[in-house]
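Enquirer: Input file: structure-v4.txt. Contents: compact mmCIF, C-alpha atoms.
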# COMPACT_ATOMS: atom_id res chain seq x y z
CA MET A 1 50.84 123.11 107.36
CA ASN A 2 50.43 124.78 103.96
CA ASP A 3 47.00 125.73 102.57
CA ARG A 4 46.71 122.80 100.14
CA LYS A 5 47.69 120.34 102.85
CA THR A 6 45.21 121.86 105.32
CA THR A 7 42.46 121.88 102.69
CA GLY A 8 43.44 118.40 101.56
CA MET A 9 43.22 116.99 105.06
CA ALA A 10 39.78 118.54 105.57
CA VAL A 11 38.49 117.21 102.23
CA ARG A 12 40.06 113.82 102.83
CA ARG A 13 38.29 113.59 106.20
CA SER A 14 34.97 114.71 104.67
CA VAL A 15 35.18 112.01 101.98
CA LEU A 16 36.90 109.09 103.72
CA GLY A 17 35.83 109.75 107.30
CA ASN A 18 37.81 110.47 110.44
CA THR A 19 38.31 106.82 111.36
CA HIS A 20 40.03 106.01 108.07
CA VAL A 21 42.18 109.15 108.06
CA ASP A 22 43.16 108.79 111.73
CA ARG A 23 44.21 105.19 111.08
CA ALA A 24 46.23 106.21 108.00
CA GLU A 25 47.89 109.06 109.88
CA ALA A 26 48.77 106.76 112.80
CA ASN A 27 50.37 104.27 110.40
CA LYS A 28 52.49 106.91 108.63
CA THR A 29 56.26 106.47 108.90
CA ASP A 30 59.25 108.60 107.95
CA PHE A 31 59.49 106.45 104.82
CA ASP A 32 55.99 107.15 103.45
CA THR A 33 55.31 110.62 104.88
CA PRO A 34 56.45 112.38 101.66
CA PHE A 35 54.03 110.21 99.64
CA GLN A 36 51.17 110.82 102.08
CA ASP A 37 51.85 114.57 101.90
CA LEU A 38 51.83 114.40 98.10
CA ILE A 39 48.42 112.74 97.89
CA THR A 40 46.97 114.93 100.63
CA GLU A 41 48.04 118.09 98.81
CA SER A 42 47.45 117.00 95.20
CA ALA A 43 44.60 114.48 95.22
CA TRP A 44 42.68 115.86 98.18
CA GLY A 45 43.85 119.48 98.38
CA THR A 46 43.62 120.21 94.66
CA VAL A 47 41.53 117.69 92.71
CA TRP A 48 38.94 116.65 95.30
CA ALA A 49 38.82 120.20 96.70
CA SER A 50 37.66 121.63 93.37
CA ASP A 51 34.00 122.50 93.18
CA ALA A 52 33.88 122.14 89.38
CA ILE A 53 32.01 118.84 89.82
CA SER A 54 30.25 117.43 92.87
CA LYS A 55 31.76 114.96 95.30
CA ARG A 56 29.14 112.46 94.09
CA GLU A 57 30.33 112.85 90.50
CA ARG A 58 33.97 112.77 91.54
CA SER A 59 33.32 109.60 93.52
CA MET A 60 31.76 107.94 90.48
CA VAL A 61 34.59 109.01 88.19
CA THR A 62 37.14 107.72 90.69
CA LEU A 63 35.47 104.32 90.95
CA ALA A 64 35.27 104.06 87.16
CA LEU A 65 38.94 104.91 86.76
CA LEU A 66 40.04 102.53 89.50
CA ALA A 67 38.06 99.66 87.97
CA GLY A 68 38.95 100.50 84.37
CA LEU A 69 42.66 100.63 85.17
CA GLY A 70 42.53 97.52 87.36
CA ASN A 71 43.47 99.33 90.59
CA PHE A 72 41.20 97.15 92.69
CA ASP A 73 42.92 97.69 96.07
CA GLU A 74 41.53 101.23 96.27
CA ILE A 75 37.93 100.29 95.44
CA PRO A 76 36.78 99.32 98.96
CA MET A 77 37.99 102.64 100.37
CA HIS A 78 36.09 104.56 97.71
CA ILE A 79 32.98 102.39 98.07
CA ARG A 80 33.00 103.25 101.78
CA ALA A 81 33.41 106.92 100.84
CA THR A 82 30.10 106.84 98.96
CA LEU A 83 28.41 107.25 102.35
CA ASN A 84 29.97 110.73 102.45
CA THR A 85 29.89 111.66 98.77
CA GLY A 86 26.27 110.90 98.02
CA ALA A 87 26.96 108.26 95.36
CA THR A 88 24.36 105.51 95.72
CA GLN A 89 24.63 101.78 95.16
CA GLN A 90 22.68 102.34 91.94
CA ASP A 91 25.28 104.95 90.89
CA VAL A 92 28.04 102.42 91.54
CA MET A 93 26.24 99.77 89.46
CA GLU A 94 25.84 102.26 86.61
CA VAL A 95 29.53 103.18 86.82
CA PHE A 96 30.66 99.57 86.62
CA GLN A 97 28.31 98.87 83.71
CA HIS A 98 30.03 101.74 81.92
CA VAL A 99 33.38 100.18 82.81
CA ALA A 100 32.23 96.87 81.32
CA ILE A 101 31.48 98.49 77.99
CA TYR A 102 34.46 100.84 77.77
CA ALA A 103 37.21 99.03 79.71
CA GLY A 104 36.17 95.39 79.75
CA VAL A 105 33.81 92.96 81.42
CA PRO A 106 36.47 91.20 83.53
CA ARG A 107 37.50 94.46 85.23
CA ALA A 108 33.91 95.50 85.81
CA ASN A 109 33.07 92.03 87.13
CA ARG A 110 35.95 92.15 89.60
CA ALA A 111 35.01 95.68 90.70
CA LEU A 112 31.37 94.63 91.20
CA HIS A 113 32.46 91.68 93.30
CA ILE A 114 34.58 93.97 95.50
CA ALA A 115 31.79 96.54 95.76
CA LYS A 116 29.23 93.89 96.72
CA GLU A 117 31.50 92.52 99.46
CA THR A 118 32.25 96.03 100.73
CA PHE A 119 28.59 97.10 100.77
CA ASP A 120 27.74 93.87 102.65
CA GLN A 121 30.44 94.62 105.25
CA MET A 122 29.25 98.22 105.56
CA ASN A 123 25.70 97.05 106.26
CA LYS A 124 26.98 94.99 109.21
CA GLU A 125 29.08 97.78 110.75
CA PRO A 126 27.96 100.55 113.10
CA ARG A 127 27.86 103.96 111.38
CA GLU A 128 30.64 106.45 112.14
Would you put the structure from the file into structure tokens?

Expert:
Amino acid sequence: MNDRKTTGMAVRRSVLGNTHVDRAEANKTDFDTPFQDLITESAWGTVWASDAISKRERSMVTLALLAGLGNFDEIPMHIRATLNTGATQQDVMEVFQHVAIYAGVPRANRALHIAKETFDQMNKEPRE
């Protein structure tokens, strides 16, 4: 494993948790392995590994971008990651209010709905 992939896997586990990463790794196939390697090395091994901003800040930026661009499928994963990044529910609310003003109320409304459902599910689950 190269350095960025090793670093990326460690950062990915620290943010998303072992359960999520183990499940993703178990579901990897020959078809999507190159894509999984790409995001592990670039997103996790380069961007998320940088210490230029905190994981909390990075988490908030990520949620804002996902909501603002309408990439709603990734929001639950990153809401769950807030347990590991230090972003609070209040932080998430602030982020989505920003999204409402700068990217549109419908996107922020959808993101808030997803976040609310995800936080509710998280409150019912045992902690990792």

Enquirer: I'd like the neighbourhood of segment 53-60 of chain A as a ChimeraX atom specification, where a residue qualifies if any of its atoms comes within 9 Å (using only C-alpha atoms), though same-chain residues fewer than 5 positions away should be ignored.

Expert: /A:15,48,65,78-79,81-82,84-88,91-92,95

Enquirer: Any idea what's packed within 12 Å of segment 21-29 of chain A, counting only C-alpha atoms, ignoring anything in its chain fewer than 2 positions away? Could you give it as a PyMOL selection string?

Expert: chain A and resi 8-19+31-37+40+44+77+81

Enquirer: What is the distance, in Å and to one decimal place, between atom CA of Lys116 of chain A and atom CA of Ala100 of chain A?

Expert: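 Taking atom CA of Lys116 of chain A and atom CA of Ala100 of chain A, their separation equals 16.0 Å.
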
Enquirer: Go ahead and compute the interatomic distance for atom CA of Ile114 of chain A and atom CA of Leu38 of chain A, in Å to one decimal.

Expert: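 Calculated distance between atom CA of Ile114 of chain A and atom CA of Leu38 of chain A is 26.9 Å.
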
Enquirer: Quick one: pull the distance between atom CA of Ala115 of chain A and atom CA of Ala52 of chain A, Å, one decimal.

Expert: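 These two atoms are separated by 26.5 Å.
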
Enquirer: Here is a test: counting only C-alpha atoms, which residue of A:Lys5, A:Arg80, A:Arg107, A:His98 is nearest to Ala67 of chain A?

Expert: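 Looking at the shortest contact to Ala67 of chain A, the residue is A:Arg107.
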
Enquirer: Check the smallest atom-to-atom distance from each of A:Leu63, A:Asp120, A:Asp73, A:Leu83 to Gln97 of chain A using all atoms listed in the file, then report the winner.

Expert: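 Among the listed residues, the smallest separation from Gln97 of chain A belongs to A:Leu63.
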
Enquirer: Please write out, as lines of an AutoDock Vina configuration file, where the centre of an axis-aligned box around all listed atoms of segment 6-15 of chain A lies and how long its edges are, in Å to one decimal, after adding 3 Å on each side.

Expert:
center_x = 40.1
center_y = 116.9
center_z = 103.9
size_x = 16.2
size_y = 15.9
size_z = 10.6

Enquirer: Measuring between all atoms listed in the file, which one of A:Asn2, A:Ser42, A:Asn71, A:Gln89 shows the shortest distance to Thr118 of chain A?

Expert: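 Answer, going by the shortest atom-to-atom distance: A:Gln89.
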
Enquirer: Taking (38.6, 94.0, 94.7) in the file's own coordinates, collect the residues within 8 Å, counting only C-alpha atoms, and hand them back as an MDAnalysis selection string.

Expert: chainID A and resid 72:76 110:111 113:115

Enquirer: Please, can segment 14-25 of chain A be completed to all heavy atoms and returned as a short mmCIF file (atom, residue, chain, number, x, y, z; two decimals), in the frame of the given file?

Expert:
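Final file, result23.cif:
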data_model
loop_
_atom_site.label_atom_id
_atom_site.label_comp_id
_atom_site.auth_asym_id
_atom_site.auth_seq_id
_atom_site.Cartn_x
_atom_site.Cartn_y
_atom_site.Cartn_z
N SER A 14 36.38 114.61 105.04
CA SER A 14 34.97 114.71 104.67
C SER A 14 34.55 113.57 103.74
O SER A 14 33.40 113.16 103.75
CB SER A 14 34.66 116.07 104.03
OG SER A 14 35.11 116.13 102.71
N VAL A 15 35.49 113.08 102.94
CA VAL A 15 35.18 112.01 101.98
C VAL A 15 35.40 110.63 102.61
O VAL A 15 34.53 109.75 102.52
CB VAL A 15 36.02 112.16 100.69
CG1 VAL A 15 35.87 110.96 99.78
CG2 VAL A 15 35.64 113.45 99.96
N LEU A 16 36.55 110.42 103.23
CA LEU A 16 36.90 109.09 103.72
C LEU A 16 36.48 108.83 105.16
O LEU A 16 36.43 107.68 105.59
CB LEU A 16 38.41 108.86 103.58
CG LEU A 16 38.97 108.95 102.16
CD1 LEU A 16 40.48 108.75 102.18
CD2 LEU A 16 38.29 107.95 101.24
N GLY A 17 36.22 109.89 105.90
CA GLY A 17 35.83 109.75 107.30
C GLY A 17 37.01 109.83 108.24
O GLY A 17 38.15 109.50 107.87
N ASN A 18 36.75 110.29 109.45
CA ASN A 18 37.81 110.47 110.44
C ASN A 18 38.49 109.17 110.82
O ASN A 18 39.71 109.14 111.00
CB ASN A 18 37.26 111.16 111.69
CG ASN A 18 36.93 112.61 111.45
OD1 ASN A 18 37.63 113.30 110.71
ND2 ASN A 18 35.86 113.07 112.06
N THR A 19 37.73 108.10 110.95
CA THR A 19 38.31 106.82 111.36
C THR A 19 39.38 106.38 110.38
O THR A 19 40.49 106.00 110.78
CB THR A 19 37.22 105.74 111.50
OG1 THR A 19 36.26 106.18 112.46
CG2 THR A 19 37.81 104.41 111.92
N HIS A 20 39.06 106.43 109.09
CA HIS A 20 40.03 106.01 108.07
C HIS A 20 41.27 106.91 108.09
O HIS A 20 42.40 106.42 108.08
CB HIS A 20 39.40 106.04 106.68
CG HIS A 20 40.38 105.75 105.60
ND1 HIS A 20 40.71 104.48 105.21
CD2 HIS A 20 41.17 106.58 104.86
CE1 HIS A 20 41.64 104.53 104.27
NE2 HIS A 20 41.93 105.81 104.03
N VAL A 21 41.05 108.22 108.11
CA VAL A 21 42.18 109.15 108.06
C VAL A 21 43.02 109.05 109.33
O VAL A 21 44.26 109.05 109.25
CB VAL A 21 41.70 110.60 107.80
CG1 VAL A 21 42.86 111.58 107.87
CG2 VAL A 21 41.00 110.69 106.45
N ASP A 22 42.39 108.94 110.47
CA ASP A 22 43.16 108.79 111.73
C ASP A 22 44.02 107.53 111.70
O ASP A 22 45.17 107.55 112.12
CB ASP A 22 42.22 108.75 112.94
CG ASP A 22 41.57 110.10 113.23
OD1 ASP A 22 42.05 111.13 112.70
OD2 ASP A 22 40.57 110.11 113.98
N ARG A 23 43.45 106.44 111.18
CA ARG A 23 44.21 105.19 111.08
C ARG A 23 45.40 105.36 110.12
O ARG A 23 46.52 104.95 110.42
CB ARG A 23 43.28 104.06 110.63
CG ARG A 23 43.93 102.69 110.61
CD ARG A 23 42.96 101.55 110.27
NE ARG A 23 42.16 101.81 109.08
CZ ARG A 23 40.85 102.02 109.08
NH1 ARG A 23 40.16 102.01 110.19
NH2 ARG A 23 40.21 102.25 107.95
N ALA A 24 45.16 105.98 108.98
CA ALA A 24 46.23 106.21 108.00
C ALA A 24 47.32 107.10 108.58
O ALA A 24 48.52 106.84 108.40
CB ALA A 24 45.66 106.82 106.72
N GLU A 25 46.92 108.14 109.27
CA GLU A 25 47.89 109.06 109.88
C GLU A 25 48.70 108.35 110.97
O GLU A 25 49.91 108.56 111.08
CB GLU A 25 47.19 110.29 110.46
CG GLU A 25 46.69 111.25 109.40
CD GLU A 25 47.82 111.90 108.63
OE1 GLU A 25 48.64 112.61 109.24
OE2 GLU A 25 47.89 111.69 107.40
#
